[in-house]
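What follows is the content of data_15.cif (mmCIF, N, CA and C atoms).
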```
data_coords
loop_
_atom_site.label_atom_id
_atom_site.label_comp_id
_atom_site.auth_asym_id
_atom_site.auth_seq_id
_atom_site.Cartn_x
_atom_site.Cartn_y
_atom_site.Cartn_z
N MET I 1 0.80 -1.21 0.00
CA MET I 1 0.00 0.00 0.00
C MET I 1 0.85 1.28 0.00
N PRO I 2 2.00 1.30 0.68
CA PRO I 2 2.79 2.54 0.65
C PRO I 2 3.23 2.91 -0.76
N THR I 3 3.44 1.92 -1.63
CA THR I 3 3.84 2.22 -3.00
C THR I 3 2.71 2.92 -3.75
N LEU I 4 1.47 2.51 -3.50
CA LEU I 4 0.32 3.14 -4.14
C LEU I 4 0.21 4.60 -3.68
N PHE I 5 0.35 4.82 -2.37
CA PHE I 5 0.27 6.20 -1.87
C PHE I 5 1.40 7.05 -2.44
N ARG I 6 2.56 6.50 -2.56
CA ARG I 6 3.70 7.24 -3.13
C ARG I 6 3.42 7.59 -4.59
N PHE I 7 2.86 6.63 -5.34
CA PHE I 7 2.52 6.87 -6.74
C PHE I 7 1.45 7.96 -6.87
N LEU I 8 0.39 7.88 -6.06
CA LEU I 8 -0.67 8.88 -6.12
C LEU I 8 -0.14 10.26 -5.70
N PHE I 9 0.73 10.29 -4.70
CA PHE I 9 1.33 11.54 -4.28
C PHE I 9 2.17 12.14 -5.41
N PHE I 10 2.94 11.31 -6.09
CA PHE I 10 3.74 11.77 -7.22
C PHE I 10 2.85 12.30 -8.34
N CYS I 11 1.76 11.60 -8.64
CA CYS I 11 0.83 12.07 -9.68
C CYS I 11 0.20 13.40 -9.29
N ALA I 12 -0.15 13.56 -8.02
CA ALA I 12 -0.76 14.81 -7.56
C ALA I 12 0.25 15.96 -7.65
N ILE I 13 1.50 15.71 -7.28
CA ILE I 13 2.53 16.74 -7.38
C ILE I 13 2.76 17.12 -8.85
N LEU I 14 2.81 16.14 -9.72
CA LEU I 14 3.00 16.40 -11.15
C LEU I 14 1.83 17.20 -11.72
N ALA I 15 0.60 16.80 -11.38
CA ALA I 15 -0.58 17.53 -11.88
C ALA I 15 -0.60 18.95 -11.33
N GLY I 16 -0.23 19.13 -10.07
CA GLY I 16 -0.19 20.47 -9.50
C GLY I 16 0.85 21.35 -10.16
N THR I 17 1.99 20.77 -10.50
CA THR I 17 3.04 21.52 -11.19
C THR I 17 2.58 21.96 -12.57
N VAL I 18 1.95 21.06 -13.30
CA VAL I 18 1.45 21.40 -14.65
C VAL I 18 0.36 22.46 -14.54
N TYR I 19 -0.55 22.31 -13.59
CA TYR I 19 -1.61 23.30 -13.40
C TYR I 19 -1.01 24.66 -13.04
N GLY I 20 -0.03 24.67 -12.17
CA GLY I 20 0.61 25.93 -11.79
C GLY I 20 1.33 26.60 -12.95
N ALA I 21 1.96 25.80 -13.80
CA ALA I 21 2.64 26.36 -14.98
C ALA I 21 1.63 26.96 -15.95
N MET I 22 0.52 26.27 -16.16
CA MET I 22 -0.51 26.81 -17.06
C MET I 22 -1.11 28.09 -16.48
N TRP I 23 -1.36 28.12 -15.17
CA TRP I 23 -1.90 29.32 -14.53
C TRP I 23 -0.93 30.48 -14.68
N ALA I 24 0.36 30.22 -14.50
CA ALA I 24 1.36 31.27 -14.64
C ALA I 24 1.40 31.81 -16.06
N LEU I 25 1.31 30.93 -17.05
CA LEU I 25 1.30 31.40 -18.44
C LEU I 25 0.08 32.26 -18.73
N VAL I 26 -1.08 31.84 -18.25
CA VAL I 26 -2.30 32.61 -18.50
C VAL I 26 -2.24 33.96 -17.80
N THR I 27 -1.66 33.99 -16.61
CA THR I 27 -1.66 35.22 -15.82
C THR I 27 -0.60 36.22 -16.30
N PHE I 28 0.58 35.74 -16.60
CA PHE I 28 1.70 36.66 -16.83
C PHE I 28 2.06 36.90 -18.30
N VAL I 29 1.56 36.13 -19.22
CA VAL I 29 1.90 36.30 -20.64
C VAL I 29 0.72 36.95 -21.34
N GLU I 30 0.97 38.10 -21.93
CA GLU I 30 -0.06 38.84 -22.65
C GLU I 30 0.24 38.78 -24.15
N PRO I 31 -0.66 38.24 -24.96
CA PRO I 31 -0.40 38.16 -26.40
C PRO I 31 -0.44 39.55 -27.04
N GLU I 32 0.38 39.73 -28.07
CA GLU I 32 0.42 40.99 -28.80
C GLU I 32 -0.41 40.85 -30.07
N PRO I 33 -1.47 41.66 -30.21
CA PRO I 33 -2.27 41.59 -31.45
C PRO I 33 -1.47 42.12 -32.63
N ARG I 34 -1.64 41.51 -33.78
CA ARG I 34 -0.95 41.97 -34.99
C ARG I 34 -1.80 41.65 -36.20
N ASP I 35 -1.54 42.35 -37.28
CA ASP I 35 -2.28 42.14 -38.52
C ASP I 35 -1.74 40.91 -39.23
N VAL I 36 -2.65 40.17 -39.83
CA VAL I 36 -2.28 38.97 -40.59
C VAL I 36 -2.74 39.17 -42.03
N THR I 37 -1.81 38.98 -42.96
CA THR I 37 -2.12 39.11 -44.38
C THR I 37 -1.87 37.78 -45.05
N ILE I 38 -2.89 37.28 -45.74
CA ILE I 38 -2.76 36.02 -46.48
C ILE I 38 -2.99 36.34 -47.95
N ARG I 39 -1.99 36.04 -48.75
CA ARG I 39 -2.11 36.29 -50.19
C ARG I 39 -2.76 35.09 -50.87
N ILE I 40 -3.80 35.35 -51.65
CA ILE I 40 -4.49 34.31 -52.40
C ILE I 40 -4.19 34.53 -53.87
N PRO I 41 -3.64 33.51 -54.56
CA PRO I 41 -3.36 33.69 -55.98
C PRO I 41 -4.64 33.96 -56.77
N SER I 42 -4.50 34.79 -57.80
CA SER I 42 -5.68 35.16 -58.59
C SER I 42 -6.28 33.95 -59.30
N GLU I 43 -5.49 32.90 -59.53
CA GLU I 43 -6.02 31.70 -60.19
C GLU I 43 -7.04 30.99 -59.30
N ARG I 44 -6.91 31.11 -57.99
CA ARG I 44 -7.86 30.47 -57.10
C ARG I 44 -9.14 31.28 -56.98
N VAL I 45 -9.04 32.61 -57.09
CA VAL I 45 -10.22 33.45 -56.97
C VAL I 45 -10.99 33.49 -58.28
N ASN I 46 -10.29 33.68 -59.39
CA ASN I 46 -10.90 33.74 -60.72
C ASN I 46 -10.21 32.70 -61.61
N PRO I 47 -10.66 31.45 -61.56
CA PRO I 47 -9.98 30.43 -62.39
C PRO I 47 -10.16 30.73 -63.87
N PRO I 48 -9.14 30.43 -64.66
CA PRO I 48 -9.27 30.68 -66.10
C PRO I 48 -10.30 29.76 -66.73
N ALA I 49 -10.96 30.26 -67.75
CA ALA I 49 -11.98 29.46 -68.46
C ALA I 49 -11.28 28.34 -69.23
N THR I 50 -11.79 27.13 -69.10
CA THR I 50 -11.19 25.99 -69.79
C THR I 50 -12.00 25.52 -70.98
N GLY I 51 -13.07 26.18 -71.27
CA GLY I 51 -13.91 25.78 -72.40
C GLY I 51 -15.38 25.76 -71.98
N THR I 52 -16.20 25.27 -72.87
CA THR I 52 -17.63 25.21 -72.57
C THR I 52 -18.00 23.87 -71.95
N ILE I 53 -19.09 23.85 -71.24
CA ILE I 53 -19.57 22.62 -70.61
C ILE I 53 -20.66 22.03 -71.50
N ASP I 54 -20.51 20.74 -71.78
CA ASP I 54 -21.49 20.06 -72.63
C ASP I 54 -22.67 19.62 -71.77
N THR I 55 -23.82 20.24 -71.95
CA THR I 55 -25.01 19.92 -71.16
C THR I 55 -25.98 19.02 -71.88
N THR I 56 -25.64 18.58 -73.09
CA THR I 56 -26.57 17.73 -73.85
C THR I 56 -26.52 16.28 -73.36
N GLY I 57 -25.46 15.85 -72.74
CA GLY I 57 -25.38 14.50 -72.22
C GLY I 57 -25.05 13.45 -73.25
N LYS I 58 -24.52 13.82 -74.39
CA LYS I 58 -24.20 12.84 -75.45
C LYS I 58 -22.85 12.24 -75.23
#
```
Just give me the structure as structure tokens.
Amino acid sequence: MPTLFRFLFFCAILAGTVYGAMWALVTFVEPEPRDVTIRIPSERVNPPATGTIDTTGK
């Protein structure tokens, strides 16, 4: 039984450390807003015409 308690204590310490690190990041790190520009090639917006579409079904 002492091994189980030692394992659970270790897991609790590890979880507390991870939780504390996440709390510290949320509290002390402030993200900087910035503009994002994504260039879209004109071929994707206006694809070139490849011909006519046959709608007769022949």
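The residues of range 5-39 of chain I that DSSP classifies as alpha helix (DSSP H), using the backbone of this structure, are Phe5, Arg6, Phe7, Leu8, Phe9, Phe10, Cys11, Ala12, Ile13, Leu14, Ala15, Gly16, Thr17, Val18, Tyr19, Gly20, Ala21, Met22, Trp23, Ala24, Leu25, Val26, Thr27 and Phe28 of chain I.
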Taking N, CA and C atoms for each residue, export the selection above as a PDB file, in the frame of the given file.
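And here's selection_14.pdb as it stands now:
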```
ATOM      1  N   PHE I   5       0.350   4.820  -2.370  1.00  0.00           N
ATOM      2  CA  PHE I   5       0.270   6.200  -1.870  1.00  0.00           C
ATOM      3  C   PHE I   5       1.400   7.050  -2.440  1.00  0.00           C
ATOM      4  N   ARG I   6       2.560   6.500  -2.560  1.00  0.00           N
ATOM      5  CA  ARG I   6       3.700   7.240  -3.130  1.00  0.00           C
ATOM      6  C   ARG I   6       3.420   7.590  -4.590  1.00  0.00           C
ATOM      7  N   PHE I   7       2.860   6.630  -5.340  1.00  0.00           N
ATOM      8  CA  PHE I   7       2.520   6.870  -6.740  1.00  0.00           C
ATOM      9  C   PHE I   7       1.450   7.960  -6.870  1.00  0.00           C
ATOM     10  N   LEU I   8       0.390   7.880  -6.060  1.00  0.00           N
ATOM     11  CA  LEU I   8      -0.670   8.880  -6.120  1.00  0.00           C
ATOM     12  C   LEU I   8      -0.140  10.260  -5.700  1.00  0.00           C
ATOM     13  N   PHE I   9       0.730  10.290  -4.700  1.00  0.00           N
ATOM     14  CA  PHE I   9       1.330  11.540  -4.280  1.00  0.00           C
ATOM     15  C   PHE I   9       2.170  12.140  -5.410  1.00  0.00           C
ATOM     16  N   PHE I  10       2.940  11.310  -6.090  1.00  0.00           N
ATOM     17  CA  PHE I  10       3.740  11.770  -7.220  1.00  0.00           C
ATOM     18  C   PHE I  10       2.850  12.300  -8.340  1.00  0.00           C
ATOM     19  N   CYS I  11       1.760  11.600  -8.640  1.00  0.00           N
ATOM     20  CA  CYS I  11       0.830  12.070  -9.680  1.00  0.00           C
ATOM     21  C   CYS I  11       0.200  13.400  -9.290  1.00  0.00           C
ATOM     22  N   ALA I  12      -0.150  13.560  -8.020  1.00  0.00           N
ATOM     23  CA  ALA I  12      -0.760  14.810  -7.560  1.00  0.00           C
ATOM     24  C   ALA I  12       0.250  15.960  -7.650  1.00  0.00           C
ATOM     25  N   ILE I  13       1.500  15.710  -7.280  1.00  0.00           N
ATOM     26  CA  ILE I  13       2.530  16.740  -7.380  1.00  0.00           C
ATOM     27  C   ILE I  13       2.760  17.120  -8.850  1.00  0.00           C
ATOM     28  N   LEU I  14       2.810  16.140  -9.720  1.00  0.00           N
ATOM     29  CA  LEU I  14       3.000  16.400 -11.150  1.00  0.00           C
ATOM     30  C   LEU I  14       1.830  17.200 -11.720  1.00  0.00           C
ATOM     31  N   ALA I  15       0.600  16.800 -11.380  1.00  0.00           N
ATOM     32  CA  ALA I  15      -0.580  17.530 -11.880  1.00  0.00           C
ATOM     33  C   ALA I  15      -0.600  18.950 -11.330  1.00  0.00           C
ATOM     34  N   GLY I  16      -0.230  19.130 -10.070  1.00  0.00           N
ATOM     35  CA  GLY I  16      -0.190  20.470  -9.500  1.00  0.00           C
ATOM     36  C   GLY I  16       0.850  21.350 -10.160  1.00  0.00           C
ATOM     37  N   THR I  17       1.990  20.770 -10.500  1.00  0.00           N
ATOM     38  CA  THR I  17       3.040  21.520 -11.190  1.00  0.00           C
ATOM     39  C   THR I  17       2.580  21.960 -12.570  1.00  0.00           C
ATOM     40  N   VAL I  18       1.950  21.060 -13.300  1.00  0.00           N
ATOM     41  CA  VAL I  18       1.450  21.400 -14.650  1.00  0.00           C
ATOM     42  C   VAL I  18       0.360  22.460 -14.540  1.00  0.00           C
ATOM     43  N   TYR I  19      -0.550  22.310 -13.590  1.00  0.00           N
ATOM     44  CA  TYR I  19      -1.610  23.300 -13.400  1.00  0.00           C
ATOM     45  C   TYR I  19      -1.010  24.660 -13.040  1.00  0.00           C
ATOM     46  N   GLY I  20      -0.030  24.670 -12.170  1.00  0.00           N
ATOM     47  CA  GLY I  20       0.610  25.930 -11.790  1.00  0.00           C
ATOM     48  C   GLY I  20       1.330  26.600 -12.950  1.00  0.00           C
ATOM     49  N   ALA I  21       1.960  25.800 -13.800  1.00  0.00           N
ATOM     50  CA  ALA I  21       2.640  26.360 -14.980  1.00  0.00           C
ATOM     51  C   ALA I  21       1.630  26.960 -15.950  1.00  0.00           C
ATOM     52  N   MET I  22       0.520  26.270 -16.160  1.00  0.00           N
ATOM     53  CA  MET I  22      -0.510  26.810 -17.060  1.00  0.00           C
ATOM     54  C   MET I  22      -1.110  28.090 -16.480  1.00  0.00           C
ATOM     55  N   TRP I  23      -1.360  28.120 -15.170  1.00  0.00           N
ATOM     56  CA  TRP I  23      -1.900  29.320 -14.530  1.00  0.00           C
ATOM     57  C   TRP I  23      -0.930  30.480 -14.680  1.00  0.00           C
ATOM     58  N   ALA I  24       0.360  30.220 -14.500  1.00  0.00           N
ATOM     59  CA  ALA I  24       1.360  31.270 -14.640  1.00  0.00           C
ATOM     60  C   ALA I  24       1.400  31.810 -16.060  1.00  0.00           C
ATOM     61  N   LEU I  25       1.310  30.930 -17.050  1.00  0.00           N
ATOM     62  CA  LEU I  25       1.300  31.400 -18.440  1.00  0.00           C
ATOM     63  C   LEU I  25       0.080  32.260 -18.730  1.00  0.00           C
ATOM     64  N   VAL I  26      -1.080  31.840 -18.250  1.00  0.00           N
ATOM     65  CA  VAL I  26      -2.300  32.610 -18.500  1.00  0.00           C
ATOM     66  C   VAL I  26      -2.240  33.960 -17.800  1.00  0.00           C
ATOM     67  N   THR I  27      -1.660  33.990 -16.610  1.00  0.00           N
ATOM     68  CA  THR I  27      -1.660  35.220 -15.820  1.00  0.00           C
ATOM     69  C   THR I  27      -0.600  36.220 -16.300  1.00  0.00           C
ATOM     70  N   PHE I  28       0.580  35.740 -16.600  1.00  0.00           N
ATOM     71  CA  PHE I  28       1.700  36.660 -16.830  1.00  0.00           C
ATOM     72  C   PHE I  28       2.060  36.900 -18.300  1.00  0.00           C
TER      73      PHE I  28
END
```
By how many Å are atom N of Thr17 in chain I and atom C of Phe5 in chain I apart?
-> 15.9 Å
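You will find atom N of Glu30 in chain I at 24.3 Å from CA of Leu14 in chain I.
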